[in-house]
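**Q** This is structure_17.pdb (PDB, C-alpha atoms).
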```pdb
MODEL        1
ATOM      1  CA  MET Y   1      58.496 117.346 147.954  1.00  0.00           C
ATOM      2  CA  THR Y   2      62.116 117.717 148.951  1.00  0.00           C
ATOM      3  CA  GLU Y   3      64.896 117.658 146.356  1.00  0.00           C
ATOM      4  CA  ILE Y   4      67.099 114.563 146.644  1.00  0.00           C
ATOM      5  CA  ILE Y   5      70.594 114.085 145.262  1.00  0.00           C
ATOM      6  CA  VAL Y   6      72.381 110.739 145.019  1.00  0.00           C
ATOM      7  CA  ARG Y   7      76.113 110.654 145.653  1.00  0.00           C
ATOM      8  CA  ALA Y   8      78.833 108.410 147.052  1.00  0.00           C
ATOM      9  CA  PHE Y   9      78.762 107.633 150.766  1.00  0.00           C
ATOM     10  CA  GLU Y  10      81.302 109.573 152.824  1.00  0.00           C
ATOM     11  CA  MET Y  11      82.303 108.883 156.414  1.00  0.00           C
ATOM     12  CA  ALA Y  12      80.845 112.267 157.350  1.00  0.00           C
ATOM     13  CA  ASP Y  13      77.453 110.605 156.611  1.00  0.00           C
ATOM     14  CA  TRP Y  14      77.915 107.854 159.185  1.00  0.00           C
ATOM     15  CA  GLU Y  15      75.675 109.329 161.899  1.00  0.00           C
ATOM     16  CA  ASP Y  16      72.689 109.729 159.562  1.00  0.00           C
ATOM     17  CA  VAL Y  17      73.247 106.206 158.225  1.00  0.00           C
ATOM     18  CA  ALA Y  18      73.501 104.832 161.778  1.00  0.00           C
ATOM     19  CA  THR Y  19      70.126 106.403 162.541  1.00  0.00           C
ATOM     20  CA  LEU Y  20      68.704 104.595 159.505  1.00  0.00           C
ATOM     21  CA  PHE Y  21      70.272 101.277 160.588  1.00  0.00           C
ATOM     22  CA  LEU Y  22      68.731 101.641 164.047  1.00  0.00           C
ATOM     23  CA  SER Y  23      65.204 102.359 162.799  1.00  0.00           C
ATOM     24  CA  GLU Y  24      62.619  99.676 163.445  1.00  0.00           C
ATOM     25  CA  LYS Y  25      61.521  99.632 159.794  1.00  0.00           C
ATOM     26  CA  CYS Y  26      65.092  99.068 158.588  1.00  0.00           C
ATOM     27  CA  GLN Y  27      65.583  96.223 161.050  1.00  0.00           C
ATOM     28  CA  TRP Y  28      62.292  94.664 159.943  1.00  0.00           C
ATOM     29  CA  GLY Y  29      63.153  94.792 156.236  1.00  0.00           C
ATOM     30  CA  THR Y  30      66.890  94.018 156.277  1.00  0.00           C
ATOM     31  CA  PHE Y  31      69.458  91.978 158.191  1.00  0.00           C
ATOM     32  CA  GLN Y  32      70.144  94.862 160.596  1.00  0.00           C
ATOM     33  CA  LEU Y  33      69.749  93.877 164.230  1.00  0.00           C
ATOM     34  CA  PRO Y  34      68.198  95.990 166.971  1.00  0.00           C
ATOM     35  CA  LEU Y  35      70.388  97.356 169.749  1.00  0.00           C
ATOM     36  CA  GLN Y  36      73.526  97.790 167.657  1.00  0.00           C
ATOM     37  CA  SER Y  37      75.937 100.275 169.107  1.00  0.00           C
ATOM     38  CA  ARG Y  38      76.668 103.375 167.071  1.00  0.00           C
ATOM     39  CA  ASP Y  39      80.368 102.531 167.526  1.00  0.00           C
ATOM     40  CA  ASP Y  40      79.851  99.153 165.826  1.00  0.00           C
ATOM     41  CA  ILE Y  41      77.905 100.748 162.993  1.00  0.00           C
ATOM     42  CA  ARG Y  42      80.610 103.370 162.487  1.00  0.00           C
ATOM     43  CA  HIS Y  43      83.279 100.624 162.395  1.00  0.00           C
ATOM     44  CA  LYS Y  44      81.256  98.639 159.837  1.00  0.00           C
ATOM     45  CA  LEU Y  45      80.838 101.729 157.647  1.00  0.00           C
ATOM     46  CA  ALA Y  46      84.530 102.641 157.911  1.00  0.00           C
ATOM     47  CA  ASN Y  47      85.661  99.122 156.953  1.00  0.00           C
ATOM     48  CA  PRO Y  48      83.525  97.869 154.064  1.00  0.00           C
ATOM     49  CA  PRO Y  49      84.273  94.503 152.462  1.00  0.00           C
ATOM     50  CA  PRO Y  50      86.297  94.568 149.232  1.00  0.00           C
ATOM     51  CA  LEU Y  51      84.342  95.285 146.041  1.00  0.00           C
ATOM     52  CA  THR Y  52      81.711  97.325 147.911  1.00  0.00           C
ATOM     53  CA  HIS Y  53      80.278 100.542 146.498  1.00  0.00           C
ATOM     54  CA  ARG Y  54      77.840 102.669 148.511  1.00  0.00           C
ATOM     55  CA  LEU Y  55      75.580 105.516 147.462  1.00  0.00           C
ATOM     56  CA  VAL Y  56      73.381 107.735 149.608  1.00  0.00           C
ATOM     57  CA  ALA Y  57      70.241 109.766 148.958  1.00  0.00           C
ATOM     58  CA  VAL Y  58      70.619 113.205 150.508  1.00  0.00           C
ATOM     59  CA  GLN Y  59      68.150 116.049 151.030  1.00  0.00           C
ATOM     60  CA  ARG Y  60      69.670 118.952 149.134  1.00  0.00           C
ATOM     61  CA  GLU Y  61      68.367 121.580 151.603  1.00  0.00           C
ATOM     62  CA  THR Y  62      69.572 119.936 154.831  1.00  0.00           C
ATOM     63  CA  GLY Y  63      72.324 117.547 153.744  1.00  0.00           C
ATOM     64  CA  ARG Y  64      70.548 114.782 155.683  1.00  0.00           C
ATOM     65  CA  VAL Y  65      70.994 111.221 154.416  1.00  0.00           C
ATOM     66  CA  VAL Y  66      67.560 109.636 153.931  1.00  0.00           C
ATOM     67  CA  GLY Y  67      68.538 106.479 152.053  1.00  0.00           C
ATOM     68  CA  MET Y  68      71.461 104.242 151.181  1.00  0.00           C
ATOM     69  CA  ILE Y  69      72.225 101.490 148.687  1.00  0.00           C
ATOM     70  CA  GLY Y  70      75.193  99.161 148.612  1.00  0.00           C
ATOM     71  CA  LEU Y  71      76.602  97.128 145.742  1.00  0.00           C
ATOM     72  CA  HIS Y  72      78.492  94.056 146.908  1.00  0.00           C
ATOM     73  CA  GLY Y  73      80.750  92.505 144.271  1.00  0.00           C
ATOM     74  CA  ASN Y  74      81.958  88.926 144.082  1.00  0.00           C
ATOM     75  CA  ALA Y  75      85.617  88.046 144.530  1.00  0.00           C
ATOM     76  CA  HIS Y  76      85.167  84.597 142.967  1.00  0.00           C
ATOM     77  CA  ALA Y  77      86.155  84.782 139.297  1.00  0.00           C
ATOM     78  CA  ARG Y  78      83.175  82.765 138.095  1.00  0.00           C
ATOM     79  CA  ARG Y  79      80.781  85.211 139.826  1.00  0.00           C
ATOM     80  CA  ALA Y  80      82.677  88.412 139.006  1.00  0.00           C
ATOM     81  CA  HIS Y  81      79.957  89.424 136.534  1.00  0.00           C
ATOM     82  CA  ALA Y  82      77.328  89.659 139.303  1.00  0.00           C
ATOM     83  CA  ALA Y  83      76.812  91.716 142.431  1.00  0.00           C
ATOM     84  CA  GLY Y  84      74.282  91.844 145.226  1.00  0.00           C
ATOM     85  CA  ILE Y  85      72.529  94.966 146.379  1.00  0.00           C
ATOM     86  CA  GLY Y  86      70.987  96.048 149.650  1.00  0.00           C
ATOM     87  CA  MET Y  87      69.154  99.286 150.309  1.00  0.00           C
ATOM     88  CA  PHE Y  88      66.893 101.156 152.662  1.00  0.00           C
ATOM     89  CA  VAL Y  89      65.084 104.477 152.660  1.00  0.00           C
ATOM     90  CA  HIS Y  90      63.922 106.293 155.784  1.00  0.00           C
ATOM     91  CA  GLU Y  91      60.250 105.476 156.324  1.00  0.00           C
ATOM     92  CA  ASP Y  92      59.286 109.170 156.309  1.00  0.00           C
ATOM     93  CA  PHE Y  93      60.558 109.324 152.707  1.00  0.00           C
ATOM     94  CA  HIS Y  94      58.878 106.250 151.220  1.00  0.00           C
ATOM     95  CA  ASN Y  95      56.850 106.656 148.013  1.00  0.00           C
ATOM     96  CA  GLN Y  96      58.784 109.723 146.884  1.00  0.00           C
ATOM     97  CA  GLY Y  97      60.921 108.102 144.171  1.00  0.00           C
ATOM     98  CA  ILE Y  98      64.067 107.868 146.305  1.00  0.00           C
ATOM     99  CA  GLY Y  99      64.336 104.085 146.052  1.00  0.00           C
ATOM    100  CA  SER Y 100      64.030 104.307 142.277  1.00  0.00           C
ATOM    101  CA  LYS Y 101      66.743 106.998 142.134  1.00  0.00           C
ATOM    102  CA  LEU Y 102      69.092 104.834 144.202  1.00  0.00           C
ATOM    103  CA  LEU Y 103      68.387 101.756 142.056  1.00  0.00           C
ATOM    104  CA  GLU Y 104      68.879 103.744 138.847  1.00  0.00           C
ATOM    105  CA  GLU Y 105      72.247 105.113 139.961  1.00  0.00           C
ATOM    106  CA  ILE Y 106      73.581 101.808 141.300  1.00  0.00           C
ATOM    107  CA  SER Y 107      72.470 100.088 138.067  1.00  0.00           C
ATOM    108  CA  ARG Y 108      74.268 102.733 136.009  1.00  0.00           C
ATOM    109  CA  LEU Y 109      77.434 102.259 138.063  1.00  0.00           C
ATOM    110  CA  ALA Y 110      77.215  98.469 137.864  1.00  0.00           C
ATOM    111  CA  PHE Y 111      76.398  98.099 134.186  1.00  0.00           C
ATOM    112  CA  ARG Y 112      78.092 101.090 132.559  1.00  0.00           C
ATOM    113  CA  TRP Y 113      81.208 101.521 134.689  1.00  0.00           C
ATOM    114  CA  LEU Y 114      81.963  98.224 136.403  1.00  0.00           C
ATOM    115  CA  GLY Y 115      81.021  95.971 133.472  1.00  0.00           C
ATOM    116  CA  LEU Y 116      78.656  93.855 135.535  1.00  0.00           C
ATOM    117  CA  GLN Y 117      76.000  91.774 133.811  1.00  0.00           C
ATOM    118  CA  ARG Y 118      73.742  90.875 136.734  1.00  0.00           C
ATOM    119  CA  LEU Y 119      72.368  92.448 139.907  1.00  0.00           C
ATOM    120  CA  GLU Y 120      70.675  90.327 142.547  1.00  0.00           C
ATOM    121  CA  LEU Y 121      68.914  90.866 145.833  1.00  0.00           C
ATOM    122  CA  THR Y 122      66.931  89.106 148.503  1.00  0.00           C
ATOM    123  CA  VAL Y 123      63.707  90.563 149.882  1.00  0.00           C
ATOM    124  CA  TYR Y 124      61.337  89.225 152.539  1.00  0.00           C
ATOM    125  CA  VAL Y 125      58.088  87.957 150.994  1.00  0.00           C
ATOM    126  CA  ASP Y 126      56.003  90.193 153.265  1.00  0.00           C
ATOM    127  CA  ASN Y 127      57.803  93.373 152.169  1.00  0.00           C
ATOM    128  CA  GLU Y 128      55.333  94.095 149.383  1.00  0.00           C
ATOM    129  CA  PRO Y 129      56.317  97.757 148.851  1.00  0.00           C
ATOM    130  CA  ALA Y 130      59.953  96.760 148.281  1.00  0.00           C
ATOM    131  CA  ILE Y 131      58.974  93.931 145.921  1.00  0.00           C
ATOM    132  CA  HIS Y 132      56.848  96.391 143.924  1.00  0.00           C
ATOM    133  CA  LEU Y 133      59.754  98.882 143.809  1.00  0.00           C
ATOM    134  CA  TYR Y 134      62.202  96.247 142.573  1.00  0.00           C
ATOM    135  CA  LYS Y 135      59.820  94.969 139.900  1.00  0.00           C
ATOM    136  CA  LYS Y 136      59.156  98.542 138.755  1.00  0.00           C
ATOM    137  CA  ASN Y 137      62.925  98.959 138.339  1.00  0.00           C
ATOM    138  CA  GLY Y 138      63.505  95.861 136.201  1.00  0.00           C
ATOM    139  CA  PHE Y 139      64.091  93.106 138.766  1.00  0.00           C
ATOM    140  CA  VAL Y 140      62.312  89.795 138.274  1.00  0.00           C
ATOM    141  CA  LEU Y 141      61.359  87.182 140.835  1.00  0.00           C
ATOM    142  CA  GLU Y 142      63.665  84.179 140.458  1.00  0.00           C
ATOM    143  CA  GLY Y 143      62.703  82.011 143.419  1.00  0.00           C
ATOM    144  CA  THR Y 144      61.697  81.801 147.050  1.00  0.00           C
ATOM    145  CA  PHE Y 145      63.760  80.655 150.019  1.00  0.00           C
ATOM    146  CA  GLN Y 146      61.731  79.054 152.790  1.00  0.00           C
ATOM    147  CA  ARG Y 147      62.588  79.954 156.370  1.00  0.00           C
ATOM    148  CA  TYR Y 148      65.289  82.231 155.011  1.00  0.00           C
ATOM    149  CA  ALA Y 149      65.882  84.371 158.094  1.00  0.00           C
ATOM    150  CA  PHE Y 150      64.901  84.653 161.734  1.00  0.00           C
ATOM    151  CA  ARG Y 151      63.113  87.941 162.443  1.00  0.00           C
ATOM    152  CA  ASP Y 152      61.429  89.001 165.659  1.00  0.00           C
ATOM    153  CA  GLY Y 153      60.887  85.457 166.927  1.00  0.00           C
ATOM    154  CA  VAL Y 154      59.785  83.745 163.706  1.00  0.00           C
ATOM    155  CA  PHE Y 155      61.315  82.454 160.509  1.00  0.00           C
ATOM    156  CA  VAL Y 156      60.392  84.363 157.367  1.00  0.00           C
ATOM    157  CA  ASP Y 157      60.603  83.425 153.712  1.00  0.00           C
ATOM    158  CA  ALA Y 158      62.402  85.567 151.166  1.00  0.00           C
ATOM    159  CA  HIS Y 159      62.374  86.002 147.409  1.00  0.00           C
ATOM    160  CA  THR Y 160      65.492  86.196 145.330  1.00  0.00           C
ATOM    161  CA  MET Y 161      65.257  88.717 142.514  1.00  0.00           C
ATOM    162  CA  GLY Y 162      67.613  89.557 139.692  1.00  0.00           C
ATOM    163  CA  LYS Y 163      68.177  92.134 136.985  1.00  0.00           C
ATOM    164  CA  ILE Y 164      70.190  91.350 133.859  1.00  0.00           C
ATOM    165  CA  ARG Y 165      71.963  94.053 131.881  1.00  0.00           C
ATOM    166  CA  ASP Y 166      69.638  94.907 129.018  1.00  0.00           C
ATOM    167  CA  PHE Y 167      71.749  97.248 126.899  1.00  0.00           C
TER     168      PHE Y 167
ENDMDL
END
```
Could you write out this file's structure as structure tokens?

**A**
Amino acid sequence: MTEIIVRAFEMADWEDVATLFLSEKCQWGTFQLPLQSRDDIRHKLANPPPLTHRLVAVQRETGRVVGMIGLHGNAHARRAHAAGIGMFVHEDFHNQGIGSKLLEEISRLAFRWLGLQRLELTVYVDNEPAIHLYKKNGFVLEGTFQRYAFRDGVFVDAHTMGKIRDF
């Protein structure tokens, strides 16, 4: 098993992250669209929305980015205590603990350094491995959105999950 380190995203990582964005598995499990240009992806990565924090999982030996997680804060004062997360791990690196490492580090940043009280995410109901990962890392199912998103010609439902600071 390869050694993985988690660190802040840097623009030098953009090409590896673009490759992840363009993977079929990432498009299936997230809001990423197929046929994005690498120029558009680079622009998106270089210009994140305010209150965004991004971490990457990197193979120590090669320096290759194999996963990414983003924390998306709320500008509205009444929701400032909560943030959404989105993540993906390269399919060749699933079931190796990388998702858990990313979730652990983003939770530490959110709860111990940013003073957040709540993390939330949305996951497609048919993404059972991701649902299992989130539950294993303290997220609970809070509800289901019907016909939440359009994916590959059909509407799919999604769960909303949350994690409350427990320390």

**Q** Decode the PyMOL selection byres ((chain Y and resi 98) around 9) for the given file into explicit residues and return them as a VMD selection string.

**A** chain Y and resid 4 6 57 66 to 67 89 93 to 97 99 to 103

**Q** First collect every listed atom of segment 117-131 of chain Y; then fit an axis-aligned box around them, widen it by 4 Å on each side, and give centre and edge lengths in Å to one decimal, as lines of an AutoDock Vina configuration file.

**A**
```
center_x = 65.7
center_y = 92.9
center_z = 143.5
size_x = 28.7
size_y = 17.8
size_z = 27.5
```

**Q** Could you list, as a ChimeraX atom specification, every residue within 12 Å of Ile69 of chain Y, counting all atoms listed in the file and ignoring same-chain residues fewer than 6 positions away?

**A** /Y:6-9,17,20,30,52-58,84-90,98-107,109,121

**Q** Using C-alpha atoms, can you export the residues from the last selection as a PDB file, in the frame of the given file?

**A**
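For reference, again-v3.pdb as written:
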```pdb
ATOM      1  CA  VAL Y   6      72.381 110.739 145.019  1.00  0.00           C
ATOM      2  CA  ARG Y   7      76.113 110.654 145.653  1.00  0.00           C
ATOM      3  CA  ALA Y   8      78.833 108.410 147.052  1.00  0.00           C
ATOM      4  CA  PHE Y   9      78.762 107.633 150.766  1.00  0.00           C
ATOM      5  CA  VAL Y  17      73.247 106.206 158.225  1.00  0.00           C
ATOM      6  CA  LEU Y  20      68.704 104.595 159.505  1.00  0.00           C
ATOM      7  CA  THR Y  30      66.890  94.018 156.277  1.00  0.00           C
ATOM      8  CA  THR Y  52      81.711  97.325 147.911  1.00  0.00           C
ATOM      9  CA  HIS Y  53      80.278 100.542 146.498  1.00  0.00           C
ATOM     10  CA  ARG Y  54      77.840 102.669 148.511  1.00  0.00           C
ATOM     11  CA  LEU Y  55      75.580 105.516 147.462  1.00  0.00           C
ATOM     12  CA  VAL Y  56      73.381 107.735 149.608  1.00  0.00           C
ATOM     13  CA  ALA Y  57      70.241 109.766 148.958  1.00  0.00           C
ATOM     14  CA  VAL Y  58      70.619 113.205 150.508  1.00  0.00           C
ATOM     15  CA  GLY Y  84      74.282  91.844 145.226  1.00  0.00           C
ATOM     16  CA  ILE Y  85      72.529  94.966 146.379  1.00  0.00           C
ATOM     17  CA  GLY Y  86      70.987  96.048 149.650  1.00  0.00           C
ATOM     18  CA  MET Y  87      69.154  99.286 150.309  1.00  0.00           C
ATOM     19  CA  PHE Y  88      66.893 101.156 152.662  1.00  0.00           C
ATOM     20  CA  VAL Y  89      65.084 104.477 152.660  1.00  0.00           C
ATOM     21  CA  HIS Y  90      63.922 106.293 155.784  1.00  0.00           C
ATOM     22  CA  ILE Y  98      64.067 107.868 146.305  1.00  0.00           C
ATOM     23  CA  GLY Y  99      64.336 104.085 146.052  1.00  0.00           C
ATOM     24  CA  SER Y 100      64.030 104.307 142.277  1.00  0.00           C
ATOM     25  CA  LYS Y 101      66.743 106.998 142.134  1.00  0.00           C
ATOM     26  CA  LEU Y 102      69.092 104.834 144.202  1.00  0.00           C
ATOM     27  CA  LEU Y 103      68.387 101.756 142.056  1.00  0.00           C
ATOM     28  CA  GLU Y 104      68.879 103.744 138.847  1.00  0.00           C
ATOM     29  CA  GLU Y 105      72.247 105.113 139.961  1.00  0.00           C
ATOM     30  CA  ILE Y 106      73.581 101.808 141.300  1.00  0.00           C
ATOM     31  CA  SER Y 107      72.470 100.088 138.067  1.00  0.00           C
ATOM     32  CA  LEU Y 109      77.434 102.259 138.063  1.00  0.00           C
ATOM     33  CA  LEU Y 121      68.914  90.866 145.833  1.00  0.00           C
TER      34      LEU Y 121
END
```

**Q** Rank nothing, just name the residue among Y:Asp39, Y:Trp28, Y:Asn74, Y:Glu128 nearest to Phe150 of chain Y, using only C-alpha atoms.

**A**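 Ranked by minimum distance to Phe150 of chain Y, first place goes to Y:Trp28.
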
**Q** Between Y:Lys163, Y:Lys136, Y:Lys25, Y:Arg118, single out the one closest to Asp92 of chain Y, counting only C-alpha atoms.

**A** Y:Lys25

**Q** Measuring between only C-alpha atoms, which one of Y:Glu24, Y:Asp13, Y:Glu120, Y:Glu91 shows the shortest distance to Gly73 of chain Y?

**A** Y:Glu120

**Q** For each of Y:Asn47, Y:Gln146, Y:Gln117, Y:Thr160, take the minimum atom-to-atom distance to Tyr134 of chain Y, counting only C-alpha atoms, then give the residue where this is smallest.

**A**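 Counting only C-alpha atoms, the residue closest to Tyr134 of chain Y is Y:Thr160.
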
**Q** How many Å separate atom CA of Leu22 of chain Y from atom CA of Arg108 of chain Y?

**A** 28.6 Å

**Q** With all atoms listed in the file counted, which protein, DNA or RNA residues have an atom no more than 7 Å from (61.6, 91.3, 137.5) in the file frame? Please answer as a list in words.

**A**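 The distance filter leaves exactly Lys135, Gly138, Phe139, Val140, Leu141, Met161, Gly162 and Lys163 of chain Y.
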
**Q** What separation in Å, quoted to one decimal, exists between atom CA of Arg60 of chain Y and atom CA of Thr2 of chain Y?

**A**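 Interatomic distance, atom CA of Arg60 of chain Y to atom CA of Thr2 of chain Y: 7.7 Å.
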
**Q** For Asp126 of chain Y, please output as a VMD selection string all residues within 12 Å (counting only C-alpha atoms; exclusion window: fewer than 2 positions along the same chain).

**A** chain Y and resid 28 to 30 122 to 124 128 to 132 144 151 155 to 159

**Q** Let me make sure I understand: among Y:Ala18, Y:Met68, Y:Ala83, Y:Ile5, which one has the smallest atom-to-atom distance to Arg42 of chain Y if we use all atoms listed in the file?

**A**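 Distance minimum relative to Arg42 of chain Y lands on Y:Ala18.
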
**Q** Report the distance between atom CA of Arg64 of chain Y and atom CA of Glu15 of chain Y in Å, rounded to one decimal place.

**A**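 Those two atoms sit 9.7 Å apart.
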
**Q** Closest to His81 of chain Y among Y:Val65, Y:Leu51, Y:Asn137, Y:Asp16, using all atoms listed in the file?

**A**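 The answer is Y:Leu51, which sits nearest to His81 of chain Y.
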
**Q** When you write segment 48-148 of chain Y out from the block above, keep C-alpha atoms and present the result as a short mmCIF file (atom, residue, chain, number, x, y, z; two decimals), in the first residue's frame, please.

**A**
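Final file, out_17.cif:
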```cif
data_model
loop_
_atom_site.label_atom_id
_atom_site.label_comp_id
_atom_site.auth_asym_id
_atom_site.auth_seq_id
_atom_site.Cartn_x
_atom_site.Cartn_y
_atom_site.Cartn_z
CA PRO Y 48 -12.34 29.33 -5.52
CA PRO Y 49 -15.41 30.89 -3.89
CA PRO Y 50 -14.83 32.76 -0.62
CA LEU Y 51 -14.65 30.62 2.53
CA THR Y 52 -13.35 27.59 0.60
CA HIS Y 53 -10.62 25.34 1.97
CA ARG Y 54 -9.19 22.48 -0.10
CA LEU Y 55 -7.02 19.54 0.89
CA VAL Y 56 -5.44 16.89 -1.31
CA ALA Y 57 -4.29 13.32 -0.73
CA VAL Y 58 -0.87 12.83 -2.28
CA GLN Y 59 1.25 9.73 -2.87
CA ARG Y 60 4.44 10.40 -0.95
CA GLU Y 61 6.65 8.52 -3.45
CA THR Y 62 5.38 10.18 -6.65
CA GLY Y 63 3.78 13.43 -5.49
CA ARG Y 64 0.65 12.47 -7.46
CA VAL Y 65 -2.68 13.79 -6.18
CA VAL Y 66 -5.09 10.87 -5.76
CA GLY Y 67 -7.90 12.59 -3.85
CA MET Y 68 -9.31 15.97 -2.91
CA ILE Y 69 -11.77 17.37 -0.39
CA GLY Y 70 -13.26 20.84 -0.25
CA LEU Y 71 -14.87 22.66 2.66
CA HIS Y 72 -17.34 25.30 1.54
CA GLY Y 73 -18.27 27.83 4.23
CA ASN Y 74 -21.41 29.91 4.46
CA ALA Y 75 -21.32 33.68 4.09
CA HIS Y 76 -24.77 34.11 5.65
CA ALA Y 77 -24.34 34.93 9.34
CA ARG Y 78 -27.07 32.55 10.49
CA ARG Y 79 -25.32 29.64 8.70
CA ALA Y 80 -21.74 30.63 9.55
CA HIS Y 81 -21.47 27.69 11.96
CA ALA Y 82 -21.91 25.15 9.14
CA ALA Y 83 -20.05 24.19 5.99
CA GLY Y 84 -20.57 21.77 3.14
CA ILE Y 85 -18.00 19.30 1.94
CA GLY Y 86 -17.35 17.60 -1.36
CA MET Y 87 -14.69 15.01 -2.07
CA PHE Y 88 -13.46 12.39 -4.48
CA VAL Y 89 -10.72 9.79 -4.53
CA HIS Y 90 -9.26 8.26 -7.68
CA GLU Y 91 -10.99 4.94 -8.29
CA ASP Y 92 -7.67 3.05 -8.31
CA PHE Y 93 -7.21 4.16 -4.68
CA HIS Y 94 -10.61 3.30 -3.22
CA ASN Y 95 -10.75 1.17 -0.06
CA GLN Y 96 -7.29 2.22 1.10
CA GLY Y 97 -8.31 4.65 3.86
CA ILE Y 98 -7.72 7.79 1.80
CA GLY Y 99 -11.31 9.02 2.07
CA SER Y 100 -11.18 8.59 5.83
CA LYS Y 101 -7.88 10.51 6.03
CA LEU Y 102 -9.36 13.38 4.02
CA LEU Y 103 -12.52 13.45 6.16
CA GLU Y 104 -10.48 13.34 9.37
CA GLU Y 105 -8.29 16.27 8.32
CA ILE Y 106 -11.14 18.44 7.02
CA SER Y 107 -13.09 17.74 10.24
CA ARG Y 108 -10.08 18.75 12.32
CA LEU Y 109 -9.71 21.97 10.34
CA ALA Y 110 -13.43 22.74 10.54
CA PHE Y 111 -14.01 21.96 14.21
CA ARG Y 112 -10.69 22.79 15.86
CA TRP Y 113 -9.46 25.74 13.79
CA LEU Y 114 -12.45 27.36 12.11
CA GLY Y 115 -14.87 26.96 15.02
CA LEU Y 116 -17.52 25.27 12.92
CA GLN Y 117 -20.22 23.20 14.59
CA ARG Y 118 -21.67 21.32 11.62
CA LEU Y 119 -20.49 19.65 8.42
CA GLU Y 120 -22.97 18.62 5.75
CA LEU Y 121 -22.90 16.85 2.42
CA THR Y 122 -25.10 15.45 -0.28
CA VAL Y 123 -24.53 11.99 -1.73
CA TYR Y 124 -26.42 10.10 -4.44
CA VAL Y 125 -28.49 7.26 -2.96
CA ASP Y 126 -26.86 4.71 -5.28
CA ASN Y 127 -23.33 5.61 -4.16
CA GLU Y 128 -23.28 2.98 -1.42
CA PRO Y 129 -19.49 2.97 -0.88
CA ALA Y 130 -19.51 6.73 -0.23
CA ILE Y 131 -22.50 6.46 2.11
CA HIS Y 132 -20.68 3.73 4.06
CA LEU Y 133 -17.52 5.89 4.23
CA TYR Y 134 -19.44 8.91 5.52
CA LYS Y 135 -21.30 6.88 8.15
CA LYS Y 136 -18.02 5.29 9.27
CA ASN Y 137 -16.65 8.82 9.76
CA GLY Y 138 -19.49 10.13 11.92
CA PHE Y 139 -22.00 11.46 9.38
CA VAL Y 140 -25.66 10.59 9.84
CA LEU Y 141 -28.42 10.40 7.27
CA GLU Y 142 -30.73 13.39 7.71
CA GLY Y 143 -33.06 13.09 4.73
CA THR Y 144 -33.52 12.25 1.08
CA PHE Y 145 -34.08 14.60 -1.84
CA GLN Y 146 -36.15 13.11 -4.65
CA ARG Y 147 -35.05 13.78 -8.21
CA TYR Y 148 -32.15 15.77 -6.80
#
```
